[in-house]
Every structure is written in structure tokens, then in C-alpha cells.
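Working notes, structure below.
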Amino acid sequence: MLAAVDGPAGLAVVEGLAQSFPDFARYVLEFPFGDIYAREGLGLRERELATVAALCALGNAAPQLRVHVHAALHVGCTPHEVVEVVMQMAVYAGFPAALNGLAVVREVLGEAGVALPLG
């Protein structure tokens with residue numbers, strides 16, 4: 001499930017973590033990807049949009065937000081959907097969280113070759 005969601009970037013994160021903290025790397029795989037992401041009821045697109053929103057709202061998870069913006073694009077979310085979800089966080093998490101989230105989105109979209117502003 002990790003490969004389906006995050007592709008090579010997610011695998012690299014877990015492999016890097018496993019080099020120093022193998023037990024924690026296992027936990028990162030087993031619970032989120034073995035249990036939660038595998039549940040019925042939401043597709044991977046919806047789960048990734050929810051994850052992007054939550055990480056953005058936290059305001060202190062830029063590295064994880066970066067991974068999950070990539071993942072959202074990987075599972076078929078459009079750049080426009082990702083931007084809108086992060087902008088929505090201004091209402092519930094505040095403008096600083098949304099501004100920081102948009103900075104991450106700008107970086108990820110730039111890496112993906114997506115020009116801003118979106119059309």
C-alpha cells in the first residue's frame with residue numbers, strides 16, 4: 001500500500017528510517033499503510049487530500065506534507081485540488097498554516113514541472 005500511495009519517495013523515507021530505527025519504520029508501515037489506508041470507505045485520492053489538510057493544519061510537519069503532496073499527485077489528485085485543500089486550511093488552521101502549506105505545494109509542483117499560477 002505504501003508503494004501505491006507514495007511511490008518511490010515513500011519507500012525511500014521508510015528505508016532511511018529503518019537504517020536507524022527499524023522498529024519505528026515497521027510501525028510507520030503497519031498501522032497507517034497496513035491498517036488505515038487499506039480500509040474501505042475512502043479511496044486513496046480522498047485519503048491523501050485529508051492527509052494533506054491535516055499535515056498543513058498541524059503547521060509543523062513540512063517534510064511530511066511534502067511527501068504527501070507528492071503522494072496526492074501520485075494517486076491522481078490534481079494540482080488544483082491540492083491547492084484548494086491547502087487554501088481551505090486558512091479558515092480552520094489560520095493563514096500562517098495555509099501560507100506555509102502553500103510554500104510546500106509550490107516546491108512540490110515546481111519539482112513536478114507544474115507552472116504557477118494554475119490556469
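Order determines the names: the first chain of the C-alpha cells is A, the second B, and so forth; residues in each chain are numbered 1 upward, and ligands are numbered 1 upward as they are shown.
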
Leu29 of chain A environment, 12 Å, only C-alpha atoms, sequence neighbours closer than 6 positions dropped, as a PyMOL selection string | chain A and resi 1-3+5-6+10-11+13-15+17-18+22-23+35-38

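For Leu55 of chain A, the residues within 12 Å (counting only C-alpha atoms, excluding itself and residues fewer than 3 positions away along the chain) are Glu48, Leu49, Ala50, Thr51, Val52, Leu58, Gly59, Asn60, Ala61, Ala62, Pro63, Gln64, Leu65, Arg66, Val67, His68, Val69, Val85, Val86, Met89, Ala93, Ala97, Ala98, Asn100, Gly101, Leu102 and Val104 of chain A.
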
Select from chain A everything DSSP, run on the backbone, classes as helix (DSSP H, G or I), then give the selection as number ranges by chain.
-> A: 2-20, 22-36, 44-58, 62-74, 79-92, 95-111

Those same residues - C-alpha atoms - I'd like them written as an mmCIF file, in the first residue's frame.
data_model
loop_
_atom_site.group_PDB
_atom_site.id
_atom_site.type_symbol
_atom_site.label_atom_id
_atom_site.label_comp_id
_atom_site.auth_asym_id
_atom_site.auth_seq_id
_atom_site.Cartn_x
_atom_site.Cartn_y
_atom_site.Cartn_z
ATOM 1 C CA LEU A 2 2.908 2.360 0.697
ATOM 2 C CA ALA A 3 4.153 1.993 -2.869
ATOM 3 C CA ALA A 4 0.633 2.569 -4.232
ATOM 4 C CA VAL A 5 0.299 5.789 -2.241
ATOM 5 C CA ASP A 6 3.751 7.329 -2.083
ATOM 6 C CA GLY A 7 5.644 5.588 -4.844
ATOM 7 C CA PRO A 8 9.450 5.540 -4.618
ATOM 8 C CA ALA A 9 9.601 8.614 -2.345
ATOM 9 C CA GLY A 10 7.665 6.901 0.424
ATOM 10 C CA LEU A 11 9.732 3.763 0.172
ATOM 11 C CA ALA A 12 12.912 5.837 0.447
ATOM 12 C CA VAL A 13 11.635 7.545 3.599
ATOM 13 C CA VAL A 14 10.860 4.232 5.288
ATOM 14 C CA GLU A 15 14.135 2.647 4.175
ATOM 15 C CA GLY A 16 16.093 5.612 5.533
ATOM 16 C CA LEU A 17 14.201 5.464 8.808
ATOM 17 C CA ALA A 18 14.774 1.710 9.063
ATOM 18 C CA GLN A 19 18.541 2.188 8.968
ATOM 19 C CA SER A 20 18.461 3.916 12.353
ATOM 20 C CA PRO A 22 13.870 -0.299 12.365
ATOM 21 C CA ASP A 23 11.073 -0.787 14.910
ATOM 22 C CA PHE A 24 9.626 2.666 14.220
ATOM 23 C CA ALA A 25 9.893 2.117 10.459
ATOM 24 C CA ARG A 26 7.836 -1.037 10.918
ATOM 25 C CA TYR A 27 5.204 0.911 12.886
ATOM 26 C CA VAL A 28 5.042 3.535 10.124
ATOM 27 C CA LEU A 29 4.280 0.759 7.655
ATOM 28 C CA GLU A 30 1.985 -1.457 9.694
ATOM 29 C CA PHE A 31 -0.554 0.958 11.146
ATOM 30 C CA PRO A 32 -1.064 3.654 8.508
ATOM 31 C CA PHE A 33 -0.489 1.575 5.400
ATOM 32 C CA GLY A 34 -1.380 -1.897 6.647
ATOM 33 C CA ASP A 35 -4.472 -0.912 8.590
ATOM 34 C CA ILE A 36 -5.832 2.567 7.816
ATOM 35 C CA LEU A 44 -6.587 6.855 -1.987
ATOM 36 C CA ARG A 45 -7.336 10.272 -3.509
ATOM 37 C CA GLU A 46 -9.660 11.214 -0.637
ATOM 38 C CA ARG A 47 -7.279 9.831 1.962
ATOM 39 C CA GLU A 48 -4.393 11.859 0.551
ATOM 40 C CA LEU A 49 -6.429 15.070 0.393
ATOM 41 C CA ALA A 50 -7.399 14.530 4.050
ATOM 42 C CA THR A 51 -3.759 13.851 4.936
ATOM 43 C CA VAL A 52 -2.559 16.984 3.137
ATOM 44 C CA ALA A 53 -5.173 19.014 5.022
ATOM 45 C CA ALA A 54 -4.216 17.533 8.388
ATOM 46 C CA LEU A 55 -0.475 17.991 7.888
ATOM 47 C CA CYS A 56 -0.999 21.546 6.694
ATOM 48 C CA ALA A 57 -3.206 22.308 9.703
ATOM 49 C CA LEU A 58 -0.569 20.982 12.098
ATOM 50 C CA ALA A 62 6.569 20.428 6.331
ATOM 51 C CA PRO A 63 8.686 17.348 5.493
ATOM 52 C CA GLN A 64 5.691 15.049 5.882
ATOM 53 C CA LEU A 65 3.461 17.490 3.992
ATOM 54 C CA ARG A 66 5.975 17.481 1.129
ATOM 55 C CA VAL A 67 5.836 13.661 0.937
ATOM 56 C CA HIS A 68 2.038 13.653 0.989
ATOM 57 C CA VAL A 69 1.634 16.404 -1.617
ATOM 58 C CA HIS A 70 3.758 14.185 -3.862
ATOM 59 C CA ALA A 71 1.571 11.235 -2.835
ATOM 60 C CA ALA A 72 -1.632 13.144 -3.601
ATOM 61 C CA LEU A 73 -0.380 13.827 -7.115
ATOM 62 C CA HIS A 74 0.778 10.206 -7.407
ATOM 63 C CA PRO A 79 -2.651 20.287 -8.581
ATOM 64 C CA HIS A 80 -5.783 22.453 -8.382
ATOM 65 C CA GLU A 81 -7.373 20.111 -5.807
ATOM 66 C CA VAL A 82 -4.231 20.145 -3.666
ATOM 67 C CA VAL A 83 -4.013 23.941 -3.777
ATOM 68 C CA GLU A 84 -7.697 24.296 -2.863
ATOM 69 C CA VAL A 85 -7.386 21.938 0.110
ATOM 70 C CA VAL A 86 -4.408 23.872 1.447
ATOM 71 C CA MET A 87 -6.169 27.204 0.905
ATOM 72 C CA GLN A 88 -9.184 25.835 2.817
ATOM 73 C CA MET A 89 -6.911 25.389 5.821
ATOM 74 C CA ALA A 90 -6.667 29.187 6.168
ATOM 75 C CA VAL A 91 -10.212 29.069 7.546
ATOM 76 C CA TYR A 92 -9.639 26.287 10.083
ATOM 77 C CA PHE A 95 -3.309 31.943 7.500
ATOM 78 C CA PRO A 96 0.211 31.056 8.704
ATOM 79 C CA ALA A 97 -0.504 27.325 8.355
ATOM 80 C CA ALA A 98 -2.006 27.835 4.893
ATOM 81 C CA LEU A 99 0.867 30.089 3.785
ATOM 82 C CA ASN A 100 3.438 27.536 4.942
ATOM 83 C CA GLY A 101 1.451 24.782 3.260
ATOM 84 C CA LEU A 102 1.299 26.710 0.005
ATOM 85 C CA ALA A 103 5.078 27.176 0.140
ATOM 86 C CA VAL A 104 5.455 23.391 0.285
ATOM 87 C CA VAL A 105 2.935 22.957 -2.531
ATOM 88 C CA ARG A 106 4.855 25.487 -4.650
ATOM 89 C CA GLU A 107 8.078 23.495 -4.164
ATOM 90 C CA VAL A 108 6.470 20.148 -4.973
ATOM 91 C CA LEU A 109 4.618 21.454 -8.022
ATOM 92 C CA GLY A 110 7.836 23.081 -9.246
ATOM 93 C CA GLU A 111 9.628 19.745 -8.914
#
